[in-house]
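Asks: Below is a structure I'd like to ask you about.
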Amino acid sequence: MNDASAQPEIHHLAPPHSFIRKHVFSLDHKVIGLQYYGLALAAVFIGMVLSWLMRLHLGWASLPIPGLQHFSQNGAPGGVITPEYYLSLMTMHGTIMIFFVLTNAPFSGFGNYFLPIQIGAEDMAFPRFNMMSFWTTFVAFLVLIAALFVHDGPPISGWTAYPTLSSIGKDAGPGEAMGQNLWAVSIALFCIGQLLGSLNFIATTLDLRTKGMTLARMPLSTWAWFITACIGLLAFADLLPATILLILDRTAGTSFFNPAGLVVSDTLQPHSGGSPLLWQHLFWFFGHPEVYIAIVPGLGIISHILPAFIRKPLLGGMRVMIGCMIAIGFLSYMVWGHHMFVSGMNPFSAILFSVPTLIITIPNTVAVLIWLGSIYGANLRFTSASLFCLGFISVFISGGISGFFLAQPAIDTYLHATYFVVAHFHFVMAVAAIFGIFAATYFWMPKMIGRMMNETLGKWHFWLTFIGVYCIFMPMHYLGLAGNVRRYAAFTDNFLLPLIPVHKFITVAALLTGAAQFIFLYNLFHTRWWGPKAPDNPWEATSLEWSTTSPPPFDNFGGKHPVVYQDAYEYGAEGPQDYVMQTTPGKASAT
Amino acid sequence: MGKVFAVLLVIITLVSVYPIIAHTWWPPPTISTTGPGVDGQMNETMIETGILFLSSQLILAGFVWAFGGRRGKIKHWPGGHKPVVAFGIIIVGLEVLSLSFVGSKVWAAMYMAAPNANAVHVDVQAEQFAFFFRYAGPDGVFGGIHPEKISDATGNYFGLDPENDVAARDDIVVGSLTIPVNTPILLTLHTKDVIHNFYVPELRIQQDIVPGLDIPLHFTATKTGRYEIVCTQLCGLGHYSMRAFLEVMSQSDYDSWLKQQSGD
């Protein structure tokens with residue numbers, strides 16, 4: 001069938017032979033993708049354990065946690081978490097999860113593995129940059145983890161690291177000495193890694209598409225990684241200098257973020273001329289797009305996986321979804337001020353930031369309607385991957401709904417910095433993105449490691465996680481409505497005392513849901529070594545990754561670039577085979 | 001399996017909505033003149049998004065019920081994607097417009113309207129981990145703030161210099177915010193160290209207090225009583241315990257309280 005003579009030959013790099021070049025300092029995008037995934041997996045379990053400790057403390061503040069005193073003698077004497085150690089756990093949890101999980105897994109991990117394959121390339125445009133990108137990120141992770149072990153403890157200023165708490169050094173509190181320095185250095189390194197990665201993704205998408213792979217034929221996951229790379233290139237180029245300024249304020253005596261007249265611990269600080277709001281603008285100019293760096297790959301991954309399990313293309317084809325993702329990416333740069341409604345900036349600007357924030361709900365709503373409309377009339381197949389897609393749609397709706405409240409300054413003035421916000425961002429960027437990662441894992445792991453994951457375990461993992469996340473995060477909305485302030489190590493205010501039983505419920509739900517993740521971990525590792533061999537195209541899907549072996553050879557397609565003849569989602573064809581692969585020549589009969 | 005998913009999703013959706021409808025956990029009754037506007041906006045948003053939430057989750061459940069495990073000829077949404085996209089844009093667009101216009105007015109009334117010229121002026125100093133409140137005293141003038149004189153050890157929380165500054169001599173500094181009911185209040189918020197926040201849930205007001213800025217905030221309390229002022233901006237290890245009380249008194253009680261403070 002395939003016209004072999006039309007396939008351009010691959011003649012680039014030879015596969016490496018030494019262990020180090022093959023598995024450690026590898027230039028192969030597939031190995032680097034797995035390395036990112038592995039790093040994210042390690043990070044997510046550390047982050048989860050930190051959240052367990054926080055939740056235990058919030059439910060039972062004086063509960064000694066056996067063994068914790070050996071981990072941090074000052075932070076948890078006798079195993080009981082101190083208020084400052086609670087803030088450290090929270091800071092580390094947020095930083096690890098947002099940077100090293102939600103950015104690394106869906107974008108850097110799966111993107112690295114599948115972007116070149118989905119466009120028919122043998123590797124990324126700059127394999128050495130790619131390797132540097134991972135190892136810079138790896139060092140960033142080590143530097144951050146080192147902050148857990150320094151003498152005066154990890155930083156306590158949250159993942160947002162607002163000056164002046166973060167910028168005036170050790171007088172501001174425990175963890176604000178070396179711990180905060182390590183945090184800032186880690187984030188700066190992370191930015192460098194992401195910039196290298198984003199450049200690479202953009203160049204690869206634009207330059208290395210195989211014959212016939214027009215932009216319009218690119219799978220939605222590749223579109224999402226490409227758009228995310230464009231967002232990331234701008235966002236991390238903003239956070240990097242901001243972090244450098246923070247490091248300078250902390251170590252070189254500059255005053256970018258510190259105004260005159262600060263008195264800390266009864267000591268007048270030697271600063272003048274800086275502005276704490278400058279950091280907030282720089283940070284959120286990165287920080288809001290970062291939300292979409294975490295979730296746009298999820299939108300693309302779900303839109304890529306869903307057609308394979310509903311056996312039809314998305315409603316409206318690809319164009320509507322691509323339009324939604326581009327609109328979201330573009331608008332994400334116009335809304336950063338909605339994090340700052342009560343920050344003391346000019347209240348008039350709150351209205352200007354509110355309107356685009358509300359408008360951003362339009363492309364998100366359209367995306368949800370497209371998924372729902374696509375399920376109508378489908379032959380919906382249930383697998384672990386498709387269940388997580390459906391779960392993604394549900395939690396994405398739940399998380400998006402609360403955005404309507406927080407986008408309005410008049411309501412934010414009540415709900416800002418309450419658990420309502422915690423519920424919102426966990427649903428919409430954390431849980432939704434994690435569901436995207438799970439869907440992607442169940443869908444693509446057969447291709448990545450050549451073995452099929454256990455579907456029974458995968459489905460149990462879904463049911464428990466789906467119920468669990470609603471039990472954890474839905475009650476947080478109610479806490480927020482009752483005025484429960486976030487980032488509190490304990491609830492001593494009179495109006496918060498009646499809410500403690502709700503916190504206990506959430507803690508139990510978080511422990512159980514967390515425990516259910518070990519089903520996933522077992523499934524993943526068991527599959528890696530003992531799972532049944534995966535066929536090349538287990539899901540009867542259409543895109544290029546399914547036209548090569550599982551796992552793909554070193555150059556992805558065995559010496560020849562594939563040639564693309566079809567759009568990405570030709571499902572629903574008449575006849576014995578209801579799909580047409582992208583590499584199948586001729587006109588597709590699929591609808 | 002589709003039916004299991006659908007039933008589960010319906011249960012989750014209804015259980016999630018119940019406490020909202022029943023007001024099981026809800027904002028405390030508001031005590032400010034601008035609070036009802038915030039509550040009205042909150043209720044309007046709750047109804048509009050509640051409809052979106054219920055309908056979209058139930059449609060998802062219904063479609064998964066109907067088409068889960070199906071093996072037949074593929075059907076497409078009647079009318080194609082254009083009506084769906086248009087529906088989404090129009091419905092949410094209208095919601096965005098209505099929320100923006102009404103919401104902006106509520107916000108403007110709180111944060112952009114000029115304070116009443118006769119407002120009672122109170123100066124607020126936040127620090128790790130306490131609030132202090134200053135009244136101008138009989139002369140009606142606040143003494144200047146001198147950061148180098150700020151000291152917790154001597155109780156000079158505002159950095160006053162009574163030796164050289166006549167206006168500072170009668171300033172009253174206390175640990176609770178005492179105000180008269182139904183009277184416009186103007187606060188000027190300062191912090192001496194890190195960012196703090198002034199949050200009184202009953203007032204429906206939350207405002208960061210930022211180093212280097214003097215932030216005005218005005219409101220009118222409509223009900224006497226004792227309410228908690230809490231810090232909502234992460235300010236260090238004692239953040240969770242940083243609070244003060246708002247005492248709203250009748251005008252006569254306030255007058256005698258103020259007189260008593262001046263006499264001390």
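Just so we're on the same page: first chain in the structure tokens is A, next is B, and so on; residues restart at 1 for each chain, and ligands are numbered from 1 in the order they show up.
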Using only C-alpha atoms, which residues sit within 8 Å of Gly80 in chain B once same-chain residues fewer than 3 positions away are excluded, as number ranges by chain?
Replies: A: 315-316; B: 76-77, 83-84
Asks: Do a neighbour search on Gln582 in chain A at 8 Å with only C-alpha atoms, toss out local chain neighbours closer than 4 positions, and write the hits as a ChimeraX atom specification.
Replies: /A:542-544,564-568,570
Asks: Nearest to Met249 in chain B: which of B:Thr33, B:Thr183, B:Ser104, B:Ser56 is it, counting only C-alpha atoms?
Replies: B:Thr183
Asks: Between A:Ile351, A:Met429, A:Leu206, A:Ala417, which one has atoms that come closest to Arg486 in chain A, using only C-alpha atoms?
Replies: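 Looking only at the distances to Arg486 in chain A, the closest residue turns out to be A:Ala417.
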Asks: For Gly212 in chain B, list every protein, DNA or RNA residue within 8 Å, evaluated using only C-alpha atoms, and leave out those in the same chain fewer than 3 positions away; present the list as a short mmCIF file (atom, residue, chain, number, x, y, z; two decimals) with N, CA and C atoms, in the first residue's frame.
Replies:
```
data_model
loop_
_atom_site.label_atom_id
_atom_site.label_comp_id
_atom_site.auth_asym_id
_atom_site.auth_seq_id
_atom_site.Cartn_x
_atom_site.Cartn_y
_atom_site.Cartn_z
N PRO A 259 10.86 48.40 49.60
CA PRO A 259 10.78 49.85 49.75
C PRO A 259 11.56 50.31 50.99
N ALA A 260 11.64 51.63 51.14
CA ALA A 260 12.33 52.19 52.30
C ALA A 260 11.45 52.03 53.55
N GLY A 261 12.11 52.08 54.69
CA GLY A 261 11.37 52.15 55.96
C GLY A 261 10.87 50.83 56.49
N SER A 275 9.60 48.03 45.06
CA SER A 275 8.15 47.88 45.17
C SER A 275 7.77 46.41 45.23
N HIS B 190 -1.12 50.76 56.67
CA HIS B 190 0.34 50.67 56.48
C HIS B 190 0.82 49.36 57.07
N THR B 191 1.99 48.93 56.62
CA THR B 191 2.67 47.81 57.28
C THR B 191 4.13 48.18 57.45
#
```
Asks: CA of Leu199 in chain A and CA of Ser303 in chain A are how many Å apart?
Replies: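 For CA of Leu199 in chain A relative to CA of Ser303 in chain A, the distance reads 24.0 Å.
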Asks: Find the residues around range 43-51 of chain B up to 8 Å (only C-alpha atoms counted), leave out those fewer than 5 positions away in its own chain, and share them as a VMD selection string.
Replies: (chain A and resid 401 404 to 405) or (chain B and resid 17 95 99)
Asks: Could you tell me how far CA of Leu60 in chain B sits from CA of Met474 in chain A, in Å to one decimal place?
Replies: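 CA of Leu60 in chain B lies at a distance of 18.4 Å from CA of Met474 in chain A.
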Asks: With distances taken over only C-alpha atoms, which residue among B:Gln251, B:Thr24, B:Gln125, B:Asn118 lies nearest chain A?
Replies: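 Looking only at the distances to chain A, the closest residue turns out to be B:Thr24.
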Asks: Which residues are close to Phe520 in chain A, i.e. within 10 Å by only C-alpha atoms, leaving aside same-chain residues fewer than 5 positions away? Reply as a PyMOL selection string.
Replies: chain A and resi 438+442+453-454+457-462+515+525-526
Asks: What would the file look like if the residues just selected were written as a PDB file, in the first residue's frame with N, CA and C atoms?
Replies:
```pdb
ATOM      1  N   PHE A 438      -2.981  11.048  33.541  1.00  0.00           N
ATOM      2  CA  PHE A 438      -3.387   9.641  33.690  1.00  0.00           C
ATOM      3  C   PHE A 438      -3.939   9.097  32.368  1.00  0.00           C
ATOM      4  N   TYR A 442      -2.279   5.885  30.424  1.00  0.00           N
ATOM      5  CA  TYR A 442      -2.946   4.633  30.040  1.00  0.00           C
ATOM      6  C   TYR A 442      -2.999   4.479  28.516  1.00  0.00           C
ATOM      7  N   MET A 453      -0.845  -1.898  29.931  1.00  0.00           N
ATOM      8  CA  MET A 453      -1.149  -1.755  31.355  1.00  0.00           C
ATOM      9  C   MET A 453      -2.399  -2.557  31.683  1.00  0.00           C
ATOM     10  N   ASN A 454      -2.530  -2.913  32.969  1.00  0.00           N
ATOM     11  CA  ASN A 454      -3.677  -3.708  33.407  1.00  0.00           C
ATOM     12  C   ASN A 454      -4.928  -2.836  33.473  1.00  0.00           C
ATOM     13  N   LEU A 457      -7.048  -2.840  36.966  1.00  0.00           N
ATOM     14  CA  LEU A 457      -6.450  -1.955  37.962  1.00  0.00           C
ATOM     15  C   LEU A 457      -6.632  -0.498  37.552  1.00  0.00           C
ATOM     16  N   GLY A 458      -6.489  -0.244  36.259  1.00  0.00           N
ATOM     17  CA  GLY A 458      -6.616   1.127  35.766  1.00  0.00           C
ATOM     18  C   GLY A 458      -8.006   1.678  36.026  1.00  0.00           C
ATOM     19  N   LYS A 459      -9.030   0.848  35.832  1.00  0.00           N
ATOM     20  CA  LYS A 459     -10.397   1.321  36.049  1.00  0.00           C
ATOM     21  C   LYS A 459     -10.675   1.541  37.538  1.00  0.00           C
ATOM     22  N   TRP A 460     -10.184   0.602  38.365  1.00  0.00           N
ATOM     23  CA  TRP A 460     -10.317   0.834  39.814  1.00  0.00           C
ATOM     24  C   TRP A 460      -9.625   2.124  40.209  1.00  0.00           C
ATOM     25  N   HIS A 461      -8.456   2.359  39.657  1.00  0.00           N
ATOM     26  CA  HIS A 461      -7.727   3.597  39.939  1.00  0.00           C
ATOM     27  C   HIS A 461      -8.590   4.798  39.572  1.00  0.00           C
ATOM     28  N   PHE A 462      -9.267   4.698  38.424  1.00  0.00           N
ATOM     29  CA  PHE A 462     -10.121   5.824  38.019  1.00  0.00           C
ATOM     30  C   PHE A 462     -11.264   6.043  38.997  1.00  0.00           C
ATOM     31  N   ALA A 515      -3.780   7.069  48.780  1.00  0.00           N
ATOM     32  CA  ALA A 515      -3.460   5.636  48.849  1.00  0.00           C
ATOM     33  C   ALA A 515      -3.839   4.944  47.548  1.00  0.00           C
ATOM     34  N   PHE A 525       4.634   0.003  37.325  1.00  0.00           N
ATOM     35  CA  PHE A 525       5.904  -0.711  37.453  1.00  0.00           C
ATOM     36  C   PHE A 525       5.751  -2.193  37.095  1.00  0.00           C
ATOM     37  N   HIS A 526       4.617  -2.759  37.442  1.00  0.00           N
ATOM     38  CA  HIS A 526       4.380  -4.150  37.068  1.00  0.00           C
ATOM     39  C   HIS A 526       4.355  -4.282  35.546  1.00  0.00           C
TER      40      HIS A 526
END
```
Asks: Let me make sure I understand: among A:Leu262, A:Leu358, A:Met448, A:Ala482, which one has the smallest atom-to-atom distance to Val210 in chain B if we use only C-alpha atoms?
Replies: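 Checking each of A:Leu262, A:Leu358, A:Met448, A:Ala482 against Val210 in chain B, counting only C-alpha atoms, the winner is A:Leu262.
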Asks: Residues near range 43-57 of chain A, anyone? I mean within 10 Å using only C-alpha atoms, not counting same-chain ones fewer than 3 positions away, as a PyMOL selection string.
Replies: chain A and resi 37-40+60-65+68+80-83+85-102+104-105+141+145+434+489-490+503-511+514-515+517-518+521
Asks: Just N, CA and C atoms for this one: save the residues we selected as a compact mmCIF listing (two decimals), in the first residue's frame.
Replies:
```txt
# COMPACT_ATOMS: atom_id res chain seq x y z
N TYR A 37 9.16 12.25 32.49
CA TYR A 37 8.03 11.58 33.12
C TYR A 37 8.44 10.97 34.46
N GLY A 38 9.61 10.35 34.47
CA GLY A 38 10.11 9.75 35.71
C GLY A 38 10.35 10.80 36.79
N LEU A 39 10.91 11.94 36.37
CA LEU A 39 11.14 13.02 37.33
C LEU A 39 9.81 13.52 37.88
N ALA A 40 8.82 13.67 37.00
CA ALA A 40 7.51 14.14 37.45
C ALA A 40 6.87 13.12 38.39
N TRP A 60 -5.86 17.51 62.56
CA TRP A 60 -5.49 17.20 63.94
C TRP A 60 -4.16 17.90 64.23
N ALA A 61 -4.24 19.16 64.66
CA ALA A 61 -3.05 20.01 64.71
C ALA A 61 -1.99 19.49 65.68
N SER A 62 -2.40 18.82 66.76
CA SER A 62 -1.40 18.41 67.74
C SER A 62 -1.02 16.94 67.59
N LEU A 63 -1.43 16.34 66.49
CA LEU A 63 -1.14 14.92 66.28
C LEU A 63 0.34 14.70 65.97
N PRO A 64 1.05 13.89 66.78
CA PRO A 64 2.44 13.60 66.42
C PRO A 64 2.48 12.61 65.26
N ILE A 65 3.27 12.90 64.26
CA ILE A 65 3.40 12.00 63.12
C ILE A 65 4.68 11.21 63.32
N LEU A 68 8.54 11.81 61.96
CA LEU A 68 8.76 13.09 61.29
C LEU A 68 9.85 13.91 61.97
N VAL A 80 5.34 16.60 65.94
CA VAL A 80 4.23 17.54 65.79
C VAL A 80 4.68 18.71 64.92
N ILE A 81 3.93 18.98 63.88
CA ILE A 81 4.32 20.00 62.90
C ILE A 81 4.14 21.39 63.49
N THR A 82 5.19 22.21 63.41
CA THR A 82 5.09 23.60 63.88
C THR A 82 4.42 24.45 62.80
N PRO A 83 3.87 25.63 63.18
CA PRO A 83 3.24 26.48 62.16
C PRO A 83 4.18 26.83 61.02
N TYR A 85 6.73 25.08 59.98
CA TYR A 85 7.00 23.91 59.14
C TYR A 85 5.80 23.63 58.25
N TYR A 86 4.60 23.93 58.75
CA TYR A 86 3.41 23.79 57.89
C TYR A 86 3.58 24.66 56.66
N LEU A 87 4.01 25.91 56.86
CA LEU A 87 4.18 26.82 55.72
C LEU A 87 5.28 26.32 54.78
N SER A 88 6.32 25.70 55.36
CA SER A 88 7.37 25.12 54.51
C SER A 88 6.82 23.99 53.65
N LEU A 89 6.03 23.12 54.28
CA LEU A 89 5.45 22.01 53.53
C LEU A 89 4.58 22.53 52.40
N MET A 90 3.81 23.59 52.71
CA MET A 90 2.91 24.18 51.73
C MET A 90 3.70 24.79 50.56
N THR A 91 4.76 25.51 50.90
CA THR A 91 5.60 26.13 49.87
C THR A 91 6.21 25.07 48.96
N MET A 92 6.74 24.03 49.59
CA MET A 92 7.40 22.97 48.81
C MET A 92 6.36 22.20 47.99
N HIS A 93 5.22 21.94 48.57
CA HIS A 93 4.15 21.22 47.84
C HIS A 93 3.77 21.99 46.57
N GLY A 94 3.49 23.29 46.74
CA GLY A 94 3.06 24.09 45.60
C GLY A 94 4.13 24.18 44.53
N THR A 95 5.37 24.42 44.95
CA THR A 95 6.46 24.58 43.99
C THR A 95 6.73 23.28 43.25
N ILE A 96 6.81 22.20 43.99
CA ILE A 96 7.08 20.90 43.36
C ILE A 96 5.97 20.55 42.38
N MET A 97 4.73 20.72 42.81
CA MET A 97 3.61 20.28 41.97
C MET A 97 3.50 21.14 40.71
N ILE A 98 3.56 22.44 40.87
CA ILE A 98 3.31 23.30 39.71
C ILE A 98 4.46 23.22 38.71
N PHE A 99 5.68 23.29 39.21
CA PHE A 99 6.80 23.30 38.26
C PHE A 99 7.18 21.89 37.83
N PHE A 100 7.39 21.02 38.79
CA PHE A 100 8.03 19.74 38.45
C PHE A 100 7.04 18.64 38.11
N VAL A 101 5.76 18.88 38.33
CA VAL A 101 4.76 17.88 37.93
C VAL A 101 3.89 18.41 36.80
N LEU A 102 3.18 19.51 37.06
CA LEU A 102 2.18 19.97 36.10
C LEU A 102 2.81 20.57 34.85
N ASN A 104 6.15 19.57 33.96
CA ASN A 104 7.04 18.54 33.42
C ASN A 104 6.32 17.40 32.73
N ALA A 105 5.26 16.86 33.36
CA ALA A 105 4.68 15.63 32.81
C ALA A 105 3.92 15.87 31.51
N PHE A 141 15.59 20.55 40.30
CA PHE A 141 14.83 19.75 41.26
C PHE A 141 15.68 19.41 42.48
N ILE A 145 14.91 20.36 46.33
CA ILE A 145 14.78 19.34 47.38
C ILE A 145 15.80 19.60 48.50
N ILE A 434 -3.84 16.48 36.02
CA ILE A 434 -3.43 15.12 36.45
C ILE A 434 -4.29 14.07 35.75
N ALA A 489 -1.91 27.68 59.35
CA ALA A 489 -1.39 26.44 59.92
C ALA A 489 -2.36 25.85 60.93
N ALA A 490 -3.25 26.67 61.45
CA ALA A 490 -4.25 26.19 62.42
C ALA A 490 -5.42 27.16 62.39
N HIS A 503 -12.63 20.05 57.60
CA HIS A 503 -11.21 19.79 57.33
C HIS A 503 -10.85 18.34 57.63
N LYS A 504 -11.42 17.79 58.68
CA LYS A 504 -11.13 16.39 59.01
C LYS A 504 -11.63 15.47 57.90
N PHE A 505 -12.82 15.77 57.41
CA PHE A 505 -13.37 14.97 56.31
C PHE A 505 -12.44 15.02 55.10
N ILE A 506 -11.97 16.24 54.76
CA ILE A 506 -11.09 16.40 53.60
C ILE A 506 -9.79 15.62 53.82
N THR A 507 -9.27 15.67 55.05
CA THR A 507 -8.02 14.96 55.34
C THR A 507 -8.18 13.47 55.10
N VAL A 508 -9.26 12.89 55.60
CA VAL A 508 -9.48 11.46 55.41
C VAL A 508 -9.59 11.15 53.92
N ALA A 509 -10.35 11.99 53.20
CA ALA A 509 -10.51 11.78 51.76
C ALA A 509 -9.17 11.87 51.05
N ALA A 510 -8.33 12.81 51.47
CA ALA A 510 -7.03 12.99 50.81
C ALA A 510 -6.12 11.78 51.06
N LEU A 511 -6.15 11.25 52.28
CA LEU A 511 -5.32 10.09 52.58
C LEU A 511 -5.77 8.89 51.75
N GLY A 514 -5.02 9.44 48.04
CA GLY A 514 -3.58 9.29 47.86
C GLY A 514 -3.19 7.82 47.85
N ALA A 515 -3.78 7.07 48.78
CA ALA A 515 -3.46 5.64 48.85
C ALA A 515 -3.84 4.94 47.55
N GLN A 517 -3.51 5.97 44.71
CA GLN A 517 -2.51 6.21 43.67
C GLN A 517 -1.44 5.12 43.64
N PHE A 518 -1.35 4.38 44.73
CA PHE A 518 -0.38 3.28 44.73
C PHE A 518 -0.83 2.13 43.82
N LEU A 521 0.70 3.23 40.71
CA LEU A 521 2.15 3.04 40.73
C LEU A 521 2.50 1.56 40.53
```
Asks: Can you pull out every residue from range 22-61 of chain B that DSSP, working from the backbone, puts in alpha helix (DSSP H), and format the result as a VMD selection string?
Replies: chain B and resid 22 35 to 61
Asks: Dump C-alpha atoms for the selected residues as an mmCIF file, in the first residue's frame?
Replies:
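Okay, again00.cif is ready:
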```cif
data_model
loop_
_atom_site.group_PDB
_atom_site.id
_atom_site.type_symbol
_atom_site.label_atom_id
_atom_site.label_comp_id
_atom_site.auth_asym_id
_atom_site.auth_seq_id
_atom_site.Cartn_x
_atom_site.Cartn_y
_atom_site.Cartn_z
ATOM 1 C CA ALA B 22 -29.233 24.612 51.706
ATOM 2 C CA GLY B 35 -22.135 44.154 51.534
ATOM 3 C CA PRO B 36 -25.611 43.562 50.049
ATOM 4 C CA GLY B 37 -24.246 44.507 46.622
ATOM 5 C CA VAL B 38 -21.534 41.866 46.962
ATOM 6 C CA ASP B 39 -24.057 39.296 48.152
ATOM 7 C CA GLY B 40 -26.400 40.131 45.286
ATOM 8 C CA GLN B 41 -23.575 39.674 42.818
ATOM 9 C CA MET B 42 -22.604 36.416 44.506
ATOM 10 C CA ASN B 43 -26.180 35.120 44.309
ATOM 11 C CA GLU B 44 -26.560 36.086 40.674
ATOM 12 C CA THR B 45 -23.298 34.319 39.826
ATOM 13 C CA MET B 46 -24.343 31.321 41.906
ATOM 14 C CA ILE B 47 -27.607 30.945 39.970
ATOM 15 C CA GLU B 48 -26.068 31.439 36.514
ATOM 16 C CA THR B 49 -23.090 29.170 37.093
ATOM 17 C CA GLY B 50 -25.270 26.689 38.979
ATOM 18 C CA ILE B 51 -27.354 26.241 35.855
ATOM 19 C CA LEU B 52 -24.199 25.806 33.762
ATOM 20 C CA PHE B 53 -22.735 23.330 36.265
ATOM 21 C CA LEU B 54 -25.866 21.203 36.601
ATOM 22 C CA SER B 55 -26.715 21.176 32.917
ATOM 23 C CA SER B 56 -23.213 20.377 31.666
ATOM 24 C CA GLN B 57 -22.535 17.623 34.230
ATOM 25 C CA LEU B 58 -25.959 16.071 33.667
ATOM 26 C CA ILE B 59 -25.575 16.231 29.879
ATOM 27 C CA LEU B 60 -22.191 14.510 30.226
ATOM 28 C CA ALA B 61 -23.782 11.839 32.412
#
```
Asks: Write out as a PyMOL selection string each polymer residue whose atoms come within 8 Å of Tyr571 in chain A, counting only C-alpha atoms; drop sequence neighbours fewer than 4 positions from it.
Replies: chain A and resi 307-308+311-313+542+578-580+590-591
Asks: Convert the current residue selection to file output with C-alpha atoms, as a PDB file, in the first residue's frame.
Replies:
```pdb
ATOM      1  CA  PRO A 307     -11.748  10.416  19.246  1.00  0.00           C
ATOM      2  CA  ALA A 308     -10.031   7.016  19.497  1.00  0.00           C
ATOM      3  CA  ARG A 311     -14.760   6.317  17.188  1.00  0.00           C
ATOM      4  CA  LYS A 312     -15.522   9.636  15.533  1.00  0.00           C
ATOM      5  CA  PRO A 313     -13.702  12.907  15.038  1.00  0.00           C
ATOM      6  CA  THR A 542      -4.997   6.929  13.433  1.00  0.00           C
ATOM      7  CA  ASP A 578     -13.730   1.995  11.063  1.00  0.00           C
ATOM      8  CA  TYR A 579     -10.638   4.187  10.916  1.00  0.00           C
ATOM      9  CA  VAL A 580      -8.074   5.343   8.388  1.00  0.00           C
ATOM     10  CA  ALA A 590     -14.335   8.299   6.953  1.00  0.00           C
ATOM     11  CA  THR A 591     -16.693  11.072   7.950  1.00  0.00           C
TER      12      THR A 591
END
```
Asks: Enter the distance from CA of Thr103 in chain A to CA of Asp249 in chain A, in Å, rounded to one decimal.
Replies: 27.1 Å
Asks: What are the DSSP strand (DSSP E) residues of range 32-196 of chain B, as a PyMOL selection string?
Replies: chain B and resi 120-127+130-135+172-174+177-180+184-191+196
Asks: Restricting the calculation to only C-alpha atoms, which member of B:Ile91, B:Val120, B:Ile185, B:Ala221 is positioned closest to chain A?
Replies: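 For chain A, the nearest of the given residues is B:Ile91.
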